[in-house]
file work_3.pdb (PDB, C-alpha atoms (C1' of nucleotides))
ATOM      1  CA  MET S   7     146.698 136.247  23.308
ATOM      2  CA  GLN S   8     144.476 137.565  20.613
ATOM      3  CA  ARG S   9     143.417 141.146  20.445
ATOM      4  CA  ALA S  10     140.991 143.276  18.480
ATOM      5  CA  LYS S  11     138.286 140.904  19.545
ATOM      6  CA  GLN S  12     138.166 142.070  23.057
ATOM      7  CA  GLN S  13     134.956 143.955  22.595
ATOM      8  CA  LEU S  14     133.269 140.705  21.686
ATOM      9  CA  THR S  15     134.727 139.077  24.747
ATOM     10  CA  VAL S  16     133.264 141.820  26.862
ATOM     11  CA  LEU S  17     129.827 141.669  25.291
ATOM     12  CA  ARG S  18     129.716 137.910  25.479
ATOM     13  CA  SER S  19     130.653 137.911  29.121
ATOM     14  CA  LEU S  20     127.908 140.378  29.827
ATOM     15  CA  ALA S  21     125.360 138.289  27.946
ATOM     16  CA  GLU S  22     126.168 135.295  30.096
ATOM     17  CA  ALA S  23     125.810 137.130  33.384
ATOM     18  CA  ASP S  24     122.761 136.712  35.592
ATOM     19  CA  GLY S  25     122.494 140.429  36.178
ATOM     20  CA  PRO S  26     124.023 143.767  35.281
ATOM     21  CA  LEU S  27     127.752 144.064  35.840
ATOM     22  CA  SER S  28     129.883 147.045  36.644
ATOM     23  CA  ALA S  29     132.984 147.751  34.633
ATOM     24  CA  ARG S  30     135.190 146.522  37.468
ATOM     25  CA  GLU S  31     133.124 143.430  38.051
ATOM     26  CA  LEU S  32     133.295 142.607  34.392
ATOM     27  CA  TRP S  33     136.990 143.257  34.314
ATOM     28  CA  SER S  34     137.672 140.900  37.179
ATOM     29  CA  ARG S  35     135.717 138.200  35.398
ATOM     30  CA  LEU S  36     138.011 138.679  32.447
ATOM     31  CA  SER S  37     141.200 138.569  34.423
ATOM     32  CA  GLY S  38     143.425 136.028  32.791
ATOM     33  CA  THR S  39     142.360 137.039  29.317
ATOM     34  CA  GLY S  40     144.682 140.044  29.393
ATOM     35  CA  VAL S  41     141.902 142.488  28.666
ATOM     36  CA  GLY S  42     142.678 145.906  30.037
ATOM     37  CA  LEU S  43     140.326 147.959  32.146
ATOM     38  CA  ALA S  44     140.318 150.743  29.612
ATOM     39  CA  THR S  45     139.168 148.315  26.980
ATOM     40  CA  VAL S  46     136.310 147.200  29.161
ATOM     41  CA  TYR S  47     135.177 150.798  29.559
ATOM     42  CA  ARG S  48     135.529 151.398  25.838
ATOM     43  CA  ALA S  49     133.601 148.294  24.942
ATOM     44  CA  LEU S  50     130.810 149.208  27.318
ATOM     45  CA  GLN S  51     130.637 152.726  26.009
ATOM     46  CA  ARG S  52     130.491 151.553  22.430
ATOM     47  CA  GLY S  53     127.928 148.951  23.351
ATOM     48  CA  VAL S  54     125.668 151.630  24.731
ATOM     49  CA  GLU S  55     126.195 153.919  21.748
ATOM     50  CA  GLU S  56     125.373 151.132  19.343
ATOM     51  CA  GLY S  57     122.252 150.294  21.272
ATOM     52  CA  MET S  58     123.107 146.787  22.330
ATOM     53  CA  LEU S  59     123.810 147.598  25.939
ATOM     54  CA  GLU S  60     121.979 149.539  28.539
ATOM     55  CA  SER S  61     123.429 151.212  31.583
ATOM     56  CA  VAL S  62     121.706 150.672  34.881
ATOM     57  CA  GLU S  63     122.104 152.603  38.091
ATOM     58  CA  LEU S  64     121.263 150.904  41.321
ATOM     59  CA  LEU S  65     121.838 151.927  44.889
ATOM     60  CA  GLY S  66     125.270 152.716  46.136
ATOM     61  CA  GLY S  67     126.566 154.474  43.092
ATOM     62  CA  GLY S  68     128.354 152.839  40.244
ATOM     63  CA  VAL S  69     126.876 152.131  36.860
ATOM     64  CA  ARG S  70     126.265 148.604  35.688
ATOM     65  CA  TYR S  71     125.597 147.364  32.215
ATOM     66  CA  GLU S  72     123.471 144.672  30.683
ATOM     67  CA  PRO S  73     122.228 143.632  27.243
ATOM     68  CA  LYS S  74     119.371 145.784  26.085
ATOM     69  CA  ASP S  75     117.259 142.940  24.794
ATOM     70  CA  ARG S  76     115.947 141.997  28.201
ATOM     71  CA  GLU S  77     112.373 142.741  29.109
ATOM     72  CA  HIS S  78     111.382 145.099  31.897
ATOM     73  CA  HIS S  79     112.708 143.807  35.151
ATOM     74  CA  HIS S  80     114.230 144.733  38.450
ATOM     75  CA  TYR S  81     117.096 143.653  40.646
ATOM     76  CA  PHE S  82     118.100 141.888  43.777
ATOM     77  CA  LEU S  83     121.201 143.384  45.290
ATOM     78  CA  CYS S  84     123.178 141.140  47.610
ATOM     79  CA  SER S  85     124.513 143.169  50.482
ATOM     80  CA  THR S  86     127.334 140.709  51.022
ATOM     81  CA  CYS S  87     128.859 140.226  47.596
ATOM     82  CA  ASP S  88     127.369 143.376  46.103
ATOM     83  CA  HIS S  89     126.304 141.501  43.023
ATOM     84  CA  ALA S  90     123.041 142.445  41.307
ATOM     85  CA  PHE S  91     120.736 139.697  40.045
ATOM     86  CA  ASP S  92     117.998 140.140  37.510
ATOM     87  CA  LEU S  93     114.488 139.553  38.782
ATOM     88  CA  TYR S  94     111.711 139.113  36.308
ATOM     89  CA  GLY S  95     108.349 140.513  37.200
ATOM     90  CA  CYS S  96     107.208 143.888  38.389
ATOM     91  CA  VAL S  97     104.950 145.559  40.883
ATOM     92  CA  ASP S  98     101.739 147.554  40.741
ATOM     93  CA  GLY S  99     100.395 150.587  42.436
ATOM     94  CA  LEU S 100     103.274 152.895  41.751
ATOM     95  CA  GLU S 101     101.204 155.592  40.129
ATOM     96  CA  SER S 102      99.184 156.114  43.254
ATOM     97  CA  LEU S 103     102.281 157.266  45.097
ATOM     98  CA  VAL S 104     103.048 160.105  42.744
ATOM     99  CA  PRO S 105     102.119 163.562  44.041
ATOM    100  CA  ASP S 106     100.074 165.967  41.953
ATOM    101  CA  GLY S 107     102.041 167.857  39.381
ATOM    102  CA  PHE S 108     104.798 165.283  39.139
ATOM    103  CA  GLN S 109     105.476 163.496  35.871
ATOM    104  CA  LEU S 110     106.307 159.820  36.242
ATOM    105  CA  THR S 111     108.619 158.512  33.552
ATOM    106  CA  GLY S 112     110.072 155.395  35.094
ATOM    107  CA  HIS S 113     110.779 153.509  38.223
ATOM    108  CA  GLU S 114     113.361 151.291  39.788
ATOM    109  CA  VAL S 115     112.776 148.589  42.353
ATOM    110  CA  VAL S 116     115.697 147.067  44.180
ATOM    111  CA  LEU S 117     115.322 144.232  46.634
ATOM    112  CA  LEU S 118     118.019 143.980  49.231
ATOM    113  CA  GLY S 119     119.257 140.973  51.092
ATOM    114  CA  THR S 120     121.542 138.016  50.821
ATOM    115  CA  CYS S 121     121.908 135.905  47.747
ATOM    116  CA  ASP S 122     121.874 132.150  47.513
ATOM    117  CA  SER S 123     125.594 131.562  47.768
ATOM    118  CA  CYS S 124     126.330 134.225  50.352
ATOM    119  CA  GLY S 125     123.499 132.883  52.493
ATOM    120  CA  ASP S 126     124.889 129.355  52.309
ATOM    121  CA  ALA S 127     128.323 130.473  53.303
ATOM    122  CA  ALA S 128     127.063 132.203  56.418
TER     123      ALA S 128
ATOM    124  CA  MET N  28     127.766 184.640  63.580
ATOM    125  CA  GLN N  29     127.365 182.157  66.333
ATOM    126  CA  ARG N  30     129.202 178.896  66.354
ATOM    127  CA  ALA N  31     129.133 175.666  68.267
ATOM    128  CA  LYS N  32     125.518 175.364  67.330
ATOM    129  CA  GLN N  33     126.080 174.478  63.755
ATOM    130  CA  GLN N  34     125.155 170.888  64.244
ATOM    131  CA  LEU N  35     121.717 171.996  65.336
ATOM    132  CA  THR N  36     121.435 174.190  62.290
ATOM    133  CA  VAL N  37     122.204 171.222  60.108
ATOM    134  CA  LEU N  38     119.769 168.899  61.821
ATOM    135  CA  ARG N  39     117.020 171.464  61.779
ATOM    136  CA  SER N  40     117.481 172.141  58.113
ATOM    137  CA  LEU N  41     117.251 168.445  57.420
ATOM    138  CA  ALA N  42     114.092 168.113  59.463
ATOM    139  CA  GLU N  43     112.414 170.789  57.384
ATOM    140  CA  ALA N  44     113.296 169.246  54.041
ATOM    141  CA  ASP N  45     110.741 167.399  51.948
ATOM    142  CA  GLY N  46     113.110 164.549  51.265
ATOM    143  CA  PRO N  47     116.602 163.276  51.976
ATOM    144  CA  LEU N  48     119.404 165.717  51.264
ATOM    145  CA  SER N  49     122.981 165.134  50.252
ATOM    146  CA  ALA N  50     125.780 166.856  52.094
ATOM    147  CA  ARG N  51     126.245 169.314  49.233
ATOM    148  CA  GLU N  52     122.564 169.978  48.868
ATOM    149  CA  LEU N  53     122.326 170.674  52.556
ATOM    150  CA  TRP N  54     125.387 172.851  52.463
ATOM    151  CA  SER N  55     124.039 174.989  49.660
ATOM    152  CA  ARG N  56     120.855 175.500  51.636
ATOM    153  CA  LEU N  57     122.982 176.798  54.464
ATOM    154  CA  SER N  58     125.029 179.152  52.370
ATOM    155  CA  GLY N  59     124.921 182.503  54.023
ATOM    156  CA  THR N  60     125.054 181.032  57.487
ATOM    157  CA  GLY N  61     128.811 180.570  57.233
ATOM    158  CA  VAL N  62     128.618 176.872  57.967
ATOM    159  CA  GLY N  63     131.519 175.018  56.413
ATOM    160  CA  LEU N  64     131.206 171.904  54.320
ATOM    161  CA  ALA N  65     133.316 169.927  56.746
ATOM    162  CA  THR N  66     130.945 170.855  59.525
ATOM    163  CA  VAL N  67     128.024 169.604  57.498
ATOM    164  CA  TYR N  68     129.753 166.275  57.003
ATOM    165  CA  ARG N  69     130.645 166.103  60.670
ATOM    166  CA  ALA N  70     127.123 166.919  61.769
ATOM    167  CA  LEU N  71     125.683 164.284  59.461
ATOM    168  CA  GLN N  72     128.139 161.692  60.641
ATOM    169  CA  ARG N  73     127.395 162.418  64.265
ATOM    170  CA  GLY N  74     123.690 162.418  63.582
ATOM    171  CA  VAL N  75     123.928 158.930  62.163
ATOM    172  CA  GLU N  76     126.086 157.692  65.019
ATOM    173  CA  GLU N  77     123.693 159.085  67.558
ATOM    174  CA  GLY N  78     120.761 157.468  65.819
ATOM    175  CA  MET N  79     118.824 160.546  64.846
ATOM    176  CA  LEU N  80     119.708 160.462  61.193
ATOM    177  CA  GLU N  81     119.612 157.768  58.574
ATOM    178  CA  SER N  82     121.650 157.609  55.421
ATOM    179  CA  VAL N  83     119.868 156.768  52.228
ATOM    180  CA  GLU N  84     121.346 155.658  48.956
ATOM    181  CA  LEU N  85     119.370 156.210  45.821
ATOM    182  CA  LEU N  86     120.253 155.840  42.199
ATOM    183  CA  GLY N  87     123.181 157.679  40.772
ATOM    184  CA  GLY N  88     125.532 157.425  43.685
ATOM    185  CA  GLY N  89     125.748 159.882  46.480
ATOM    186  CA  VAL N  90     124.442 159.395  49.964
ATOM    187  CA  ARG N  91     121.587 161.451  51.309
ATOM    188  CA  TYR N  92     120.431 161.876  54.847
ATOM    189  CA  GLU N  93     117.115 162.271  56.575
ATOM    190  CA  PRO N  94     115.691 162.137  60.084
ATOM    191  CA  LYS N  95     115.261 158.601  61.276
ATOM    192  CA  ASP N  96     111.832 159.139  62.777
ATOM    193  CA  ARG N  97     110.011 158.936  59.484
ATOM    194  CA  GLU N  98     107.905 155.922  58.709
ATOM    195  CA  HIS N  99     108.689 153.507  55.893
ATOM    196  CA  HIS N 100     108.559 155.326  52.613
ATOM    197  CA  HIS N 101     110.121 155.678  49.234
ATOM    198  CA  TYR N 102     111.299 158.407  46.929
ATOM    199  CA  PHE N 103     110.631 160.339  43.806
ATOM    200  CA  LEU N 104     113.810 161.426  42.121
ATOM    201  CA  CYS N 105     113.515 164.377  39.777
ATOM    202  CA  SER N 106     115.731 163.845  36.796
ATOM    203  CA  THR N 107     115.968 167.559  36.178
ATOM    204  CA  CYS N 108     116.883 169.040  39.535
ATOM    205  CA  ASP N 109     118.119 165.772  41.008
ATOM    206  CA  HIS N 110     116.212 166.390  44.190
ATOM    207  CA  ALA N 111     114.653 163.446  46.022
ATOM    208  CA  PHE N 112     111.165 163.788  47.464
ATOM    209  CA  ASP N 113     109.668 161.583  50.119
ATOM    210  CA  LEU N 114     106.682 159.538  49.024
ATOM    211  CA  TYR N 115     104.518 157.961  51.629
ATOM    212  CA  GLY N 116     103.030 154.592  50.843
ATOM    213  CA  CYS N 117     104.503 151.380  49.625
ATOM    214  CA  VAL N 118     103.922 148.568  47.185
ATOM    215  CA  ASP N 119     102.985 144.899  47.425
ATOM    216  CA  GLY N 120     104.053 141.731  45.779
ATOM    217  CA  LEU N 121     107.761 142.107  46.304
ATOM    218  CA  GLU N 122     108.252 138.756  47.985
ATOM    219  CA  SER N 123     107.030 136.886  44.956
ATOM    220  CA  LEU N 124     109.962 138.187  42.948
ATOM    221  CA  VAL N 125     112.625 136.755  45.214
ATOM    222  CA  PRO N 126     114.325 133.606  43.905
ATOM    223  CA  ASP N 127     114.668 130.502  46.056
ATOM    224  CA  GLY N 128     117.507 130.601  48.507
ATOM    225  CA  PHE N 129     117.658 134.381  48.656
ATOM    226  CA  GLN N 130     117.032 136.203  51.908
ATOM    227  CA  LEU N 131     115.036 139.396  51.547
ATOM    228  CA  THR N 132     115.877 142.016  54.146
ATOM    229  CA  GLY N 133     114.656 145.213  52.585
ATOM    230  CA  HIS N 134     113.721 147.012  49.449
ATOM    231  CA  GLU N 135     113.958 150.356  47.803
ATOM    232  CA  VAL N 136     111.559 151.859  45.329
ATOM    233  CA  VAL N 137     112.499 154.949  43.397
ATOM    234  CA  LEU N 138     110.134 156.679  41.039
ATOM    235  CA  LEU N 139     111.748 158.692  38.318
ATOM    236  CA  GLY N 140     110.452 161.681  36.464
ATOM    237  CA  THR N 141     109.997 165.400  36.723
ATOM    238  CA  CYS N 142     108.910 167.197  39.821
ATOM    239  CA  ASP N 143     106.279 169.856  40.149
ATOM    240  CA  SER N 144     108.486 172.888  39.750
ATOM    241  CA  CYS N 145     110.752 171.455  37.059
ATOM    242  CA  GLY N 146     107.695 170.394  35.081
ATOM    243  CA  ASP N 147     106.203 173.876  35.290
ATOM    244  CA  ALA N 148     109.379 175.491  34.121
ATOM    245  CA  ALA N 149     109.529 173.325  30.987
TER     246      ALA N 149
ATOM    247  C1'  DG P  16     154.479 140.874   2.613
ATOM    248  C1'  DG P  17     153.224 145.849   2.987
ATOM    249  C1'  DC P  18     150.082 149.688   4.607
ATOM    250  C1'  DG P  19     146.944 152.681   6.875
ATOM    251  C1'  DA P  20     143.140 152.521  10.145
ATOM    252  C1'  DA P  21     141.188 150.759  14.227
ATOM    253  C1'  DA P  22     141.823 148.419  18.583
ATOM    254  C1'  DT P  23     144.370 147.480  22.727
ATOM    255  C1'  DG P  24     147.017 147.577  27.388
ATOM    256  C1'  DA P  25     149.379 150.156  30.667
ATOM    257  C1'  DT P  26     149.336 154.001  33.042
ATOM    258  C1'  DA P  27     149.001 158.933  33.912
ATOM    259  C1'  DC P  28     145.487 162.006  34.668
ATOM    260  C1'  DT P  29     141.069 164.354  35.918
ATOM    261  C1'  DC P  30     137.235 165.079  38.722
ATOM    262  C1'  DG P  31     134.142 164.936  42.468
ATOM    263  C1'  DA P  32     133.117 163.282  47.037
ATOM    264  C1'  DT P  33     134.649 162.766  51.554
ATOM    265  C1'  DT P  34     138.061 163.020  55.206
ATOM    266  C1'  DC P  35     141.913 165.078  57.578
ATOM    267  C1'  DT P  36     144.622 168.835  59.607
ATOM    268  C1'  DC P  37     145.244 172.763  62.097
ATOM    269  C1'  DA P  38     144.830 177.164  63.989
ATOM    270  C1'  DG P  39     141.351 180.118  65.768
ATOM    271  C1'  DT P  40     136.723 180.327  68.348
ATOM    272  C1'  DT P  41     133.321 179.280  71.717
ATOM    273  C1'  DA P  42     131.484 176.804  75.622
ATOM    274  C1'  DT P  43     131.835 175.083  80.296
ATOM    275  C1'  DC P  44     133.328 175.046  84.680
ATOM    276  C1'  DT P  45     135.670 177.439  88.502
TER     277       DT P  45
ATOM    278  C1'  DA B   8     138.824 186.326  84.190
ATOM    279  C1'  DG B   9     141.406 181.722  83.414
ATOM    280  C1'  DA B  10     141.999 176.974  81.952
ATOM    281  C1'  DT B  11     140.539 173.379  79.227
ATOM    282  C1'  DA B  12     137.946 170.821  76.015
ATOM    283  C1'  DA B  13     134.775 170.733  72.198
ATOM    284  C1'  DC B  14     133.542 172.880  67.851
ATOM    285  C1'  DT B  15     134.373 175.162  63.600
ATOM    286  C1'  DG B  16     135.938 176.932  58.796
ATOM    287  C1'  DA B  17     139.187 176.732  55.221
ATOM    288  C1'  DG B  18     141.785 174.313  52.587
ATOM    289  C1'  DA B  19     144.956 170.357  51.863
ATOM    290  C1'  DA B  20     144.998 165.438  51.339
ATOM    291  C1'  DT B  21     142.968 161.165  49.992
ATOM    292  C1'  DC B  22     140.391 157.948  47.493
ATOM    293  C1'  DG B  23     137.918 155.721  43.766
ATOM    294  C1'  DA B  24     135.703 155.907  39.300
ATOM    295  C1'  DG B  25     136.194 156.942  34.858
ATOM    296  C1'  DT B  26     138.895 159.130  30.891
ATOM    297  C1'  DA B  27     142.853 160.485  27.999
ATOM    298  C1'  DT B  28     147.292 159.429  26.099
ATOM    299  C1'  DC B  29     150.548 156.878  23.606
ATOM    300  C1'  DA B  30     153.327 153.265  21.823
ATOM    301  C1'  DT B  31     152.292 148.750  20.162
ATOM    302  C1'  DT B  32     149.531 145.245  17.928
ATOM    303  C1'  DT B  33     146.045 143.505  14.873
ATOM    304  C1'  DC B  34     142.763 143.929  11.110
ATOM    305  C1'  DG B  35     141.266 144.446   6.380
ATOM    306  C1'  DC B  36     142.822 145.042   2.031
ATOM    307  C1'  DC B  37     145.841 145.216  -1.596
TER     308       DC B  37
END

call {"tool": "encode", "arguments": {"input": "work_3.pdb", "output": "structure tokens"}}
result
Amino acid sequence: MQRAKQQLTVLRSLAEADGPLSARELWSRLSGTGVGLATVYRALQRGVEEGMLESVELLGGGVRYEPKDREHHHYFLCSTCDHAFDLYGCVDGLESLVPDGFQLTGHEVVLLGTCDSCGDAA
Amino acid sequence: MQRAKQQLTVLRSLAEADGPLSARELWSRLSGTGVGLATVYRALQRGVEEGMLESVELLGGGVRYEPKDREHHHYFLCSTCDHAFDLYGCVDGLESLVPDGFQLTGHEVVLLGTCDSCGDAA
DNA sequence: GGCGAAATGATACTCGATTCTCAGTTATCT
DNA sequence: AGATAACTGAGAATCGAGTATCATTTCGCC
């Protein structure tokens, strides 16, 4: 098995995903390649430092990562498989919810439910 | 100090809060009353079991709790003090974001920024 | 091929959140 | 008051996520 190219493997795997992945999730997708968990964490950390990755926090704790070149979007979180899917599009009317004196700097919208494959299986 | 009424103390404190509180946050508000952290956890757990409390997960991990009798609402999470504030009102157009084959069962909207008091202090 | 620097895998370790344990306390019922 | 069961506080134990360590391997360059 080759080494010293594992960071690329990690980044490539993330680029092919349909949503942000956690370190563990990514690691399990790489099982069989011999990549260690520590390497996954290191690659993610470096990716963020170098500006090519972005860390995302959704509900339920745990940080997920995705390529930074994606436009503004939100997520669909499957309550069965716990996978997060990218959703393109956004919503309006958020500003009206903000109380006086509060500074709004960002927002996160997470839709919850069952994804395609988990719904089929049920 | 009286005991055997600590669960009430916990529930009352939660009812007076302006947003969902984490176990720690709640505990620190009760410092001085002699309530132990384990008791806070127990009271929260019982509250959820008995249907009077609801657990809420926002960004950044950590579960928070609030009385279940509140109407549908969302949150403003202050990035400085990490406190979550209830926001009444909701947004539209969420359904249009859901991909085919996905079942939507709920949603969570979190506004990020700086709250009143943290903004003043800056 | 030989070398020093960077990368890697396995695993020990740290840290925070939550749960468990247990002895002492308080409530309830008589 | 007495017996018993529920409740409580303090701290130990557990659990998972993420980080640090270290010997080994690979890279880039000569």

call {"tool": "residues_around", "arguments": {"input": "work_3.pdb", "residues": "N:Leu121", "least_positions_apart": "4", "cutoff": "12 Å", "atoms": "only C-alpha atoms (C1' of nucleotides)", "output": "list in words"}}
result
His80, Tyr81, Phe82, Leu93, Tyr94, Gly95, Cys96, Val97, Asp98, Gly99, Val115, Val116, Leu117 and Leu118 of chain S; Cys117, Val125, Pro126, Leu131, Thr132, Gly133, His134, Glu135 and Val136 of chain N

call {"tool": "axis_aligned_box", "arguments": {"input": "work_3.pdb", "around": "stretch 103-107 of chain N", "padding_each_side": "5 Å", "output": "lines of an AutoDock Vina configuration file"}}
result
center_x = 113.3
center_y = 163.9
center_z = 40.0
size_x = 15.3
size_y = 17.2
size_z = 17.6

call {"tool": "resolve_selection", "arguments": {"input": "work_3.pdb", "expression": "the PyMOL selection byres ((chain N) within 10 of (chain B))", "output": "PyMOL selection string"}}
result
chain N and resi 30-34+61-66

call {"tool": "closest_residue", "arguments": {"input": "work_3.pdb", "among": "P:DT23, P:DT29, P:DT36, P:DT41", "to": "chain N", "atoms": "all atoms listed in the file"}}
result
P:DT41

call {"tool": "resolve_selection", "arguments": {"input": "work_3.pdb", "expression": "the PyMOL selection byres ((chain P) within 8 of (chain S))", "output": "ChimeraX atom specification"}}
result
/P:22-25

call {"tool": "closest_residue", "arguments": {"input": "work_3.pdb", "among": "N:His99, N:Phe112, N:Thr107, N:Gly88", "to": "chain S", "atoms": "only C-alpha atoms"}}
result
N:Gly88

call {"tool": "resolve_selection", "arguments": {"input": "work_3.pdb", "expression": "the PyMOL selection byres ((chain S and resi 85) around 9)", "output": "list in words"}}
result
Leu83, Cys84, Thr86, Cys87, Asp88, His89, Leu118, Gly119, Thr120 and Cys121 of chain S

call {"tool": "closest_residue", "arguments": {"input": "work_3.pdb", "among": "N:Asp113, N:Lys95, N:Gly87, N:Gly46", "to": "chain S", "atoms": "all atoms listed in the file"}}
result
N:Gly87

call {"tool": "atom_distance", "arguments": {"input": "work_3.pdb", "atom1": "atom CA of N:Arg39", "atom2": "atom CA of N:Leu57"}}
result
10.8 Å

call {"tool": "residues_near_point", "arguments": {"input": "work_3.pdb", "point": "(127.8, 166.2, 61.2)", "cutoff": "10 Å", "atoms": "only C-alpha atoms (C1' of nucleotides)", "output": "list in words"}}
result
Gln33, Gln34, Leu35, Val37, Leu38, Ala50, Leu64, Ala65, Thr66, Val67, Tyr68, Arg69, Ala70, Leu71, Gln72, Arg73, Gly74, Val75, Glu76 and Leu80 of chain N

call {"tool": "atom_distance", "arguments": {"input": "work_3.pdb", "atom1": "atom CA of N:Tyr92", "atom2": "atom CA of N:Thr36"}}
result
14.4 Å

call {"tool": "closest_residue", "arguments": {"input": "work_3.pdb", "among": "S:Glu101, S:Asp106, S:Glu31, S:Glu56", "to": "S:Val69", "atoms": "all atoms listed in the file"}}
result
S:Glu31

call {"tool": "closest_residue", "arguments": {"input": "work_3.pdb", "among": "N:Leu86, N:Ala111, N:Pro47, N:Glu98", "to": "chain S", "atoms": "all atoms listed in the file"}}
result
N:Leu86

call {"tool": "closest_residue", "arguments": {"input": "work_3.pdb", "among": "S:Ser123, S:Ser37, S:Ser102, S:Gln109", "to": "chain N", "atoms": "only C-alpha atoms"}}
result
S:Gln109

call {"tool": "atom_distance", "arguments": {"input": "work_3.pdb", "atom1": "atom CA of N:Arg91", "atom2": "atom CA of N:Trp54"}}
result
12.1 Å
